[in-house]
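J.: Before I ask anything, let me first share the structure, which is written out below as structure tokens.
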Amino acid sequence: MDPERALSPPLTQGAYYRRGLRAAVALPAVILAATFIGIGSVCADYGMPLAWAVLATVLIWAGPAHLILVGGLGSGASWLAIALTVGLSSVRLLPMVVSLLPYLRLQNRHPVMAIVCAHLVAISIWVESLRLLPQIDGEGRVPFFLGLGTGLLASATTATVVGYGLAGIIPHAFAAGLLFLTPIFFLLSLFATARVLSDQLAIGFGFFGLLLGALAGDGLELLYAGLGGGTLAYGLARLKRARDAA
Amino acid sequence: MTLFGSDLTPYIALILVGFLPSEIWRWMALVVGRGLDENSEILIWVRAVATATLAAVVAKLAFFPAGALATLPLGWRIGAFVAGVAVYWIGRRSVLFGVLAAELVIVGGAMWLGLR
């Protein structure tokens, strides 16, 4: 430990939580809020009650799954078909949570805390956590993460209500802009967080893999591009490492 | 539509076909992911898969869009990606400027075409 840090008193769990909350008040929260303004207005368009829209934001906590659910129920698709598509769109949460777990240092925490932390994992917090958690002391990572997660959840929930109220009022061009925020923000965030070759390759393989996978037309393109593209990226990066070492 | 009236059906649907199929992956991650080391090979692979999936979701949202974005021709959406990525690299890796540039193309394009 560096001497400067040893001299300053250790931060309390509450202080780490507040640091996480403050970290949530940044660009990701603005983008997330704008995204959920869009999602809230879509919920209103499909005639869902406001309470439903808010509950869906908190419980599902994944934009694509949320949109698929509203769209599916609104168009009268079968529940089984909706469940399958929602499930498929959320497979990405598994590797995201798994890759975040070691950073959280959950070993001495109550199991319920692990479930709460896992629930808070979504695209935005995953990107931000991979960037910020390594700078936080081990014992402060769970409260910091909770602060970041609840902060983002609060802004998304507020935005859902605002978007619900604004449905039909937002000009078409801005509605299109709101829906493009998530794609461009996450693509650039991936650039900003990808530090190793395997991650950098994975961005390209995932992006173009989806277009390729969509040609199959079986609705599994996310799986092909994610699992296939990611594995290919890992394999190539590992080959290069082995060659560099030799 | 009575389905979306004051009855509980949409809420039951939310739990059964929205919450559970999504949340199950988070729970499974807790089961598989316990005790993994930050720098283990398997985790490097898992992170590559997560990154690729996220990039794929980005492409899906932009190239197979919903709602208002779908009315904007494909060329404009590709142009927005190009503008965003170019400004990000030119602007010393600024995510904010990249996002703003892309949004300018989308909102400007929709206005230019007079979409409604």
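Numbering starts fresh at 1 for the residues of each chain in the structure tokens, the chains themselves are lettered A, B, ... in the order given, and ligands are numbered from 1 as they appear.
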May I have a table of the residues of chain B lying at most 6 Å from chain A, giving each one's closest pair of atoms and their distance in Å to one decimal, counting only C-alpha atoms, ordered by chain and ascending residue number, as JSON lines?
T.:
```
{"residue": "B:Phe4", "atom": "CA", "partner": "A:Met48", "partner_atom": "CA", "distance": 6.0}
{"residue": "B:Val17", "atom": "CA", "partner": "A:Ala83", "partner_atom": "CA", "distance": 4.3}
{"residue": "B:Gly18", "atom": "CA", "partner": "A:Leu69", "partner_atom": "CA", "distance": 6.0}
{"residue": "B:Phe19", "atom": "CA", "partner": "A:Ile60", "partner_atom": "CA", "distance": 5.0}
{"residue": "B:Pro21", "atom": "CA", "partner": "A:Gly87", "partner_atom": "CA", "distance": 4.5}
{"residue": "B:Ser22", "atom": "CA", "partner": "A:Gly87", "partner_atom": "CA", "distance": 5.2}
{"residue": "B:Trp25", "atom": "CA", "partner": "A:Leu94", "partner_atom": "CA", "distance": 4.9}
{"residue": "B:Arg26", "atom": "CA", "partner": "A:Leu94", "partner_atom": "CA", "distance": 5.5}
{"residue": "B:Ala29", "atom": "CA", "partner": "A:Leu94", "partner_atom": "CA", "distance": 5.0}
{"residue": "B:Gly33", "atom": "CA", "partner": "A:Val98", "partner_atom": "CA", "distance": 4.9}
{"residue": "B:Glu38", "atom": "CA", "partner": "A:Pro102", "partner_atom": "CA", "distance": 5.4}
{"residue": "B:Trp45", "atom": "CA", "partner": "A:Tyr234", "partner_atom": "CA", "distance": 5.6}
{"residue": "B:Val46", "atom": "CA", "partner": "A:Pro95", "partner_atom": "CA", "distance": 5.5}
{"residue": "B:Arg47", "atom": "CA", "partner": "A:Ser99", "partner_atom": "CA", "distance": 5.8}
{"residue": "B:Ala48", "atom": "CA", "partner": "A:Gly230", "partner_atom": "CA", "distance": 4.7}
{"residue": "B:Val49", "atom": "CA", "partner": "A:Gly230", "partner_atom": "CA", "distance": 3.9}
{"residue": "B:Ala50", "atom": "CA", "partner": "A:Pro95", "partner_atom": "CA", "distance": 5.2}
{"residue": "B:Thr51", "atom": "CA", "partner": "A:Ala202", "partner_atom": "CA", "distance": 5.9}
{"residue": "B:Ala52", "atom": "CA", "partner": "A:Gly206", "partner_atom": "CA", "distance": 4.0}
{"residue": "B:Thr53", "atom": "CA", "partner": "A:Gly226", "partner_atom": "CA", "distance": 3.8}
{"residue": "B:Ala55", "atom": "CA", "partner": "A:Phe207", "partner_atom": "CA", "distance": 4.8}
{"residue": "B:Ala56", "atom": "CA", "partner": "A:Phe207", "partner_atom": "CA", "distance": 4.6}
{"residue": "B:Val58", "atom": "CA", "partner": "A:Pro183", "partner_atom": "CA", "distance": 4.5}
{"residue": "B:Ala59", "atom": "CA", "partner": "A:Phe207", "partner_atom": "CA", "distance": 5.5}
{"residue": "B:Ala68", "atom": "CA", "partner": "A:Ala176", "partner_atom": "CA", "distance": 4.7}
{"residue": "B:Leu69", "atom": "CA", "partner": "A:Ala176", "partner_atom": "CA", "distance": 4.2}
{"residue": "B:Val95", "atom": "CA", "partner": "A:Leu188", "partner_atom": "CA", "distance": 5.9}
{"residue": "B:Val99", "atom": "CA", "partner": "A:Phe185", "partner_atom": "CA", "distance": 6.0}
{"residue": "B:Glu103", "atom": "CA", "partner": "A:Gly177", "partner_atom": "CA", "distance": 5.8}
{"residue": "B:Ile106", "atom": "CA", "partner": "A:Gly177", "partner_atom": "CA", "distance": 5.7}
{"residue": "B:Val107", "atom": "CA", "partner": "A:Ala173", "partner_atom": "CA", "distance": 5.0}
{"residue": "B:Ala110", "atom": "CA", "partner": "A:Ala173", "partner_atom": "CA", "distance": 5.0}
{"residue": "B:Met111", "atom": "CA", "partner": "A:Ala173", "partner_atom": "CA", "distance": 5.9}
{"residue": "B:Arg116", "atom": "CA", "partner": "A:His172", "partner_atom": "CA", "distance": 5.3}
```
J.: Rank nothing, just name the residue among B:Trp112, B:Phe97, B:Phe64, B:Trp27 nearest to Gly84 in chain B, using only C-alpha atoms.
T.: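 Of all the options, B:Phe97 lies closest to Gly84 in chain B.
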J.: Mind listing the helix (DSSP H, G or I) residues of chain B, per DSSP on the backbone, as a PyMOL selection string?
T.: chain B and resi 2-4+9-32+41-63+67-71+74-90+95-112
J.: Pick the closest to Lys60 in chain B from B:Arg77, B:Val31, B:Ile44, B:Val105: which is it, counting only C-alpha atoms?
T.: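 Residue with the minimum atom-to-atom distance to Lys60 in chain B: B:Arg77.
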J.: One number please: CA of Ile169 in chain A to CA of Asp45 in chain A, in Å, one decimal.
T.: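 Calculated distance between CA of Ile169 in chain A and CA of Asp45 in chain A is 11.2 Å.
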J.: Write out as a VMD selection string which residues come within 10 Å of Gly165 in chain A when counting only C-alpha atoms, dropping same-chain ones fewer than 6 positions away.
T.: chain A and resid 37 40 to 41 44 50 159
J.: For the residues selected in the previous step, produce a file with N, CA and C atoms as a short mmCIF file (atom, residue, chain, number, x, y, z; two decimals), in the first residue's frame.
T.:
```
data_model
loop_
_atom_site.label_atom_id
_atom_site.label_comp_id
_atom_site.auth_asym_id
_atom_site.auth_seq_id
_atom_site.Cartn_x
_atom_site.Cartn_y
_atom_site.Cartn_z
N ILE A 37 -36.28 7.28 -21.74
CA ILE A 37 -37.35 8.18 -22.18
C ILE A 37 -38.00 7.54 -23.41
N GLY A 40 -39.95 4.40 -22.25
CA GLY A 40 -41.18 4.80 -21.55
C GLY A 40 -42.26 5.21 -22.54
N SER A 41 -41.85 5.95 -23.58
CA SER A 41 -42.86 6.40 -24.54
C SER A 41 -43.37 5.24 -25.39
N ALA A 44 -46.06 3.55 -23.39
CA ALA A 44 -47.31 4.31 -23.45
C ALA A 44 -48.00 4.09 -24.80
N LEU A 50 -48.76 2.93 -16.58
CA LEU A 50 -47.51 3.55 -16.16
C LEU A 50 -46.78 2.69 -15.13
N ALA A 159 -36.69 8.50 -15.89
CA ALA A 159 -36.79 8.73 -17.33
C ALA A 159 -37.96 7.96 -17.93
#
```
J.: Can you measure CA of Gly149 in chain A to CA of Gly20 in chain A for me? One decimal in Å is fine.
T.: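 We find that CA of Gly149 in chain A and CA of Gly20 in chain A lie 7.9 Å from each other.
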J.: Can you pull out the residues contacting range 139-141 of chain A? Cut-off 6 Å, using only C-alpha atoms, and skip same-chain residues under 4 positions away; I want them as a PyMOL selection string.
T.: chain A and resi 16+104+145
J.: In Å, how far is it from CA of Thr12 in chain A to CA of Met113 in chain A?
T.: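 So the two atoms, CA of Thr12 in chain A and CA of Met113 in chain A, lie 17.6 Å apart.
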J.: If you count only C-alpha atoms, which residues fall within 7 Å of Gly98 in chain B, apart from same-chain ones fewer than 6 positions away, as a VMD selection string?
T.: chain B and resid 84 to 85 87 to 88
J.: If we count only C-alpha atoms and set the cut-off at 9 Å, which residues sit around Leu74 in chain B, ignoring sequence neighbours fewer than 4 positions away in its own chain? Please answer as a PyMOL selection string.
T.: chain B and resi 62-63+70+78-79
